[in-house]
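Raw protein37.cif, mmCIF, N, CA and C atoms:
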data_coords
#
loop_
_atom_site.label_atom_id
_atom_site.label_comp_id
_atom_site.auth_asym_id
_atom_site.auth_seq_id
_atom_site.Cartn_x
_atom_site.Cartn_y
_atom_site.Cartn_z
N MET A 1 0.85 -1.18 0.00
CA MET A 1 0.00 0.00 0.00
C MET A 1 0.88 1.24 0.00
N ALA A 2 0.56 2.22 -0.78
CA ALA A 2 1.35 3.44 -0.88
C ALA A 2 1.14 4.34 0.33
N MET A 3 2.22 5.00 0.71
CA MET A 3 2.13 5.94 1.84
C MET A 3 1.57 7.27 1.36
N PRO A 4 0.82 7.94 2.18
CA PRO A 4 0.34 9.27 1.79
C PRO A 4 1.52 10.21 1.56
N SER A 5 1.38 11.08 0.58
CA SER A 5 2.49 11.97 0.23
C SER A 5 2.84 12.94 1.34
N SER A 6 1.94 13.21 2.26
CA SER A 6 2.21 14.14 3.35
C SER A 6 3.26 13.58 4.33
N ARG A 7 3.47 12.26 4.33
CA ARG A 7 4.42 11.65 5.24
C ARG A 7 5.84 11.60 4.64
N ILE A 8 5.96 11.76 3.33
CA ILE A 8 7.26 11.69 2.68
C ILE A 8 7.87 13.10 2.68
N PRO A 9 9.08 13.23 3.28
CA PRO A 9 9.70 14.56 3.28
C PRO A 9 10.04 15.00 1.86
N SER A 10 9.83 16.26 1.59
CA SER A 10 10.12 16.76 0.26
C SER A 10 11.63 16.92 0.09
N GLU A 11 12.08 16.65 -1.10
CA GLU A 11 13.51 16.77 -1.40
C GLU A 11 13.83 18.23 -1.67
N PRO A 12 15.05 18.65 -1.33
CA PRO A 12 15.43 20.04 -1.61
C PRO A 12 15.54 20.24 -3.12
N SER A 13 15.27 21.45 -3.55
CA SER A 13 15.39 21.75 -4.98
C SER A 13 16.86 21.80 -5.36
N SER A 14 17.13 21.67 -6.65
CA SER A 14 18.51 21.71 -7.11
C SER A 14 19.15 23.07 -6.80
N ALA A 15 18.37 24.14 -6.82
CA ALA A 15 18.91 25.46 -6.50
C ALA A 15 19.36 25.53 -5.04
N GLN A 16 18.58 24.89 -4.16
CA GLN A 16 18.97 24.87 -2.75
C GLN A 16 20.26 24.09 -2.55
N VAL A 17 20.38 22.97 -3.21
CA VAL A 17 21.59 22.16 -3.10
C VAL A 17 22.78 22.92 -3.66
N TRP A 18 22.59 23.56 -4.81
CA TRP A 18 23.68 24.30 -5.46
C TRP A 18 24.19 25.41 -4.54
N CYS A 19 23.29 26.13 -3.90
CA CYS A 19 23.69 27.24 -3.02
C CYS A 19 24.46 26.74 -1.81
N GLN A 20 24.20 25.52 -1.39
CA GLN A 20 24.87 24.98 -0.21
C GLN A 20 26.24 24.38 -0.52
N LEU A 21 26.56 24.21 -1.80
CA LEU A 21 27.85 23.65 -2.16
C LEU A 21 28.97 24.65 -1.93
N ASP A 22 30.12 24.13 -1.56
CA ASP A 22 31.32 24.94 -1.42
C ASP A 22 31.70 25.47 -2.81
N ALA A 23 32.31 26.64 -2.86
CA ALA A 23 32.66 27.26 -4.15
C ALA A 23 33.57 26.36 -4.97
N ALA A 24 34.50 25.66 -4.33
CA ALA A 24 35.41 24.77 -5.06
C ALA A 24 34.64 23.61 -5.70
N LEU A 25 33.64 23.09 -4.98
CA LEU A 25 32.84 22.01 -5.54
C LEU A 25 31.96 22.50 -6.69
N ARG A 26 31.46 23.73 -6.57
CA ARG A 26 30.68 24.30 -7.68
C ARG A 26 31.55 24.45 -8.91
N GLN A 27 32.78 24.93 -8.73
CA GLN A 27 33.70 25.09 -9.85
C GLN A 27 34.03 23.74 -10.48
N GLN A 28 34.21 22.72 -9.64
CA GLN A 28 34.49 21.39 -10.14
C GLN A 28 33.30 20.83 -10.93
N ALA A 29 32.10 21.09 -10.46
CA ALA A 29 30.89 20.63 -11.16
C ALA A 29 30.75 21.34 -12.50
N ILE A 30 31.01 22.63 -12.53
CA ILE A 30 30.93 23.39 -13.78
C ILE A 30 31.96 22.86 -14.78
N ALA A 31 33.17 22.60 -14.30
CA ALA A 31 34.22 22.08 -15.18
C ALA A 31 33.85 20.71 -15.74
N ALA A 32 33.25 19.86 -14.90
CA ALA A 32 32.85 18.52 -15.35
C ALA A 32 31.76 18.60 -16.42
N VAL A 33 30.77 19.46 -16.21
CA VAL A 33 29.69 19.61 -17.20
C VAL A 33 30.24 20.23 -18.49
N ALA A 34 31.14 21.17 -18.37
CA ALA A 34 31.74 21.78 -19.56
C ALA A 34 32.53 20.75 -20.36
N GLN A 35 33.26 19.87 -19.67
CA GLN A 35 34.01 18.82 -20.35
C GLN A 35 33.08 17.85 -21.05
N MET A 36 31.98 17.49 -20.40
CA MET A 36 31.01 16.59 -21.04
C MET A 36 30.40 17.24 -22.27
N ALA A 37 30.09 18.53 -22.18
CA ALA A 37 29.52 19.24 -23.33
C ALA A 37 30.52 19.30 -24.48
N PHE A 38 31.78 19.56 -24.16
CA PHE A 38 32.82 19.61 -25.18
C PHE A 38 32.94 18.25 -25.88
N ASN A 39 32.96 17.18 -25.08
CA ASN A 39 33.08 15.84 -25.65
C ASN A 39 31.88 15.50 -26.53
N LEU A 40 30.69 15.92 -26.13
CA LEU A 40 29.49 15.68 -26.92
C LEU A 40 29.58 16.40 -28.26
N VAL A 41 29.95 17.66 -28.23
CA VAL A 41 30.06 18.43 -29.46
C VAL A 41 31.14 17.86 -30.36
N LYS A 42 32.25 17.48 -29.75
CA LYS A 42 33.38 16.92 -30.50
C LYS A 42 32.99 15.62 -31.19
N THR A 43 32.29 14.73 -30.50
CA THR A 43 31.92 13.45 -31.09
C THR A 43 30.80 13.61 -32.12
N GLN A 44 29.93 14.59 -31.94
CA GLN A 44 28.84 14.77 -32.89
C GLN A 44 29.28 15.54 -34.13
N SER A 45 30.31 16.36 -34.01
CA SER A 45 30.75 17.12 -35.18
C SER A 45 31.74 16.32 -36.02
N ALA A 46 32.41 15.33 -35.47
CA ALA A 46 33.39 14.55 -36.22
C ALA A 46 32.76 13.82 -37.40
N PRO A 47 31.64 13.11 -37.25
CA PRO A 47 31.04 12.44 -38.42
C PRO A 47 30.57 13.44 -39.48
N SER A 48 30.05 14.58 -39.07
CA SER A 48 29.56 15.53 -40.05
C SER A 48 30.72 16.15 -40.84
N GLN A 49 31.88 16.31 -40.21
CA GLN A 49 33.05 16.81 -40.94
C GLN A 49 33.48 15.78 -41.99
N GLN A 50 33.46 14.49 -41.62
CA GLN A 50 33.82 13.44 -42.57
C GLN A 50 32.83 13.40 -43.72
N GLU A 51 31.54 13.54 -43.42
CA GLU A 51 30.53 13.54 -44.47
C GLU A 51 30.72 14.71 -45.42
N SER A 52 31.05 15.89 -44.89
CA SER A 52 31.23 17.05 -45.76
C SER A 52 32.47 16.89 -46.62
N GLU A 53 33.51 16.22 -46.11
CA GLU A 53 34.70 15.97 -46.91
C GLU A 53 34.38 14.99 -48.03
N ASP A 54 33.51 14.03 -47.78
CA ASP A 54 33.12 13.07 -48.80
C ASP A 54 32.27 13.72 -49.89
N ASP A 55 31.53 14.76 -49.56
CA ASP A 55 30.67 15.43 -50.52
C ASP A 55 31.46 16.23 -51.55
N TYR A 56 32.63 16.72 -51.18
CA TYR A 56 33.43 17.56 -52.05
C TYR A 56 34.75 16.87 -52.34
N PRO A 57 34.87 16.26 -53.52
CA PRO A 57 36.12 15.55 -53.85
C PRO A 57 37.29 16.53 -53.96
N THR A 58 38.44 16.08 -53.53
CA THR A 58 39.65 16.93 -53.61
C THR A 58 40.22 16.86 -55.01
N GLN A 59 41.23 17.67 -55.29
CA GLN A 59 41.86 17.67 -56.60
C GLN A 59 42.50 16.32 -56.89
N LEU A 60 43.04 15.66 -55.86
CA LEU A 60 43.64 14.36 -56.05
C LEU A 60 42.59 13.34 -56.49
N ASP A 61 41.37 13.45 -55.97
CA ASP A 61 40.31 12.55 -56.36
C ASP A 61 39.90 12.78 -57.82
N GLN A 62 40.03 14.00 -58.30
CA GLN A 62 39.58 14.35 -59.65
C GLN A 62 40.71 14.24 -60.68
N ALA A 63 41.93 13.94 -60.27
CA ALA A 63 43.06 13.90 -61.19
C ALA A 63 42.87 12.75 -62.19
N PRO A 64 43.22 13.01 -63.46
CA PRO A 64 43.11 11.95 -64.48
C PRO A 64 44.09 10.83 -64.16
N GLN A 65 43.69 9.62 -64.48
CA GLN A 65 44.56 8.47 -64.19
C GLN A 65 45.03 7.80 -65.44
#
Give the structure from this file in structure tokens form.
Amino acid sequence: MAMPSSRIPSEPSSAQVWCQLDAALRQQAIAAVAQMAFNLVKTQSAPSQQESEDDYPTQLDQAPQ
């Protein structure tokens, strides 16, 4: 049987948790998220760069044989 919601303590909001973090931990969290974002962009842009290179043949590809 489920417990009534009034008995379950509410969790703090992410803003409350963020404000309670030490400045060094906040900086570490920002750096970690920035690194993840960089890696995501890097991995998603790599295939599109390869595709664009395949779309435009180089002079070596067009040289008579």
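Counting from atom CA of A:Ser13, the distance to atom CA of A:Leu25 is 17.5 Å.
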Listed atoms of stretch 27-32 of chain A, axis-aligned box, 6 Å per side: centre and edge lengths to one decimal in Å, as AutoDock Vina command-line options?
--center_x 32.6 --center_y 21.8 --center_z -12.6 --size_x 15.7 --size_y 18.6 --size_z 19.7
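The two atoms in question, atom CA of A:Arg26 and atom C of A:Glu11, are spaced 18.9 Å apart.
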Could you check how far atom N of A:Ala15 sits from atom C of A:Ala29, in Å to one decimal?
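The value is 13.9 Å.
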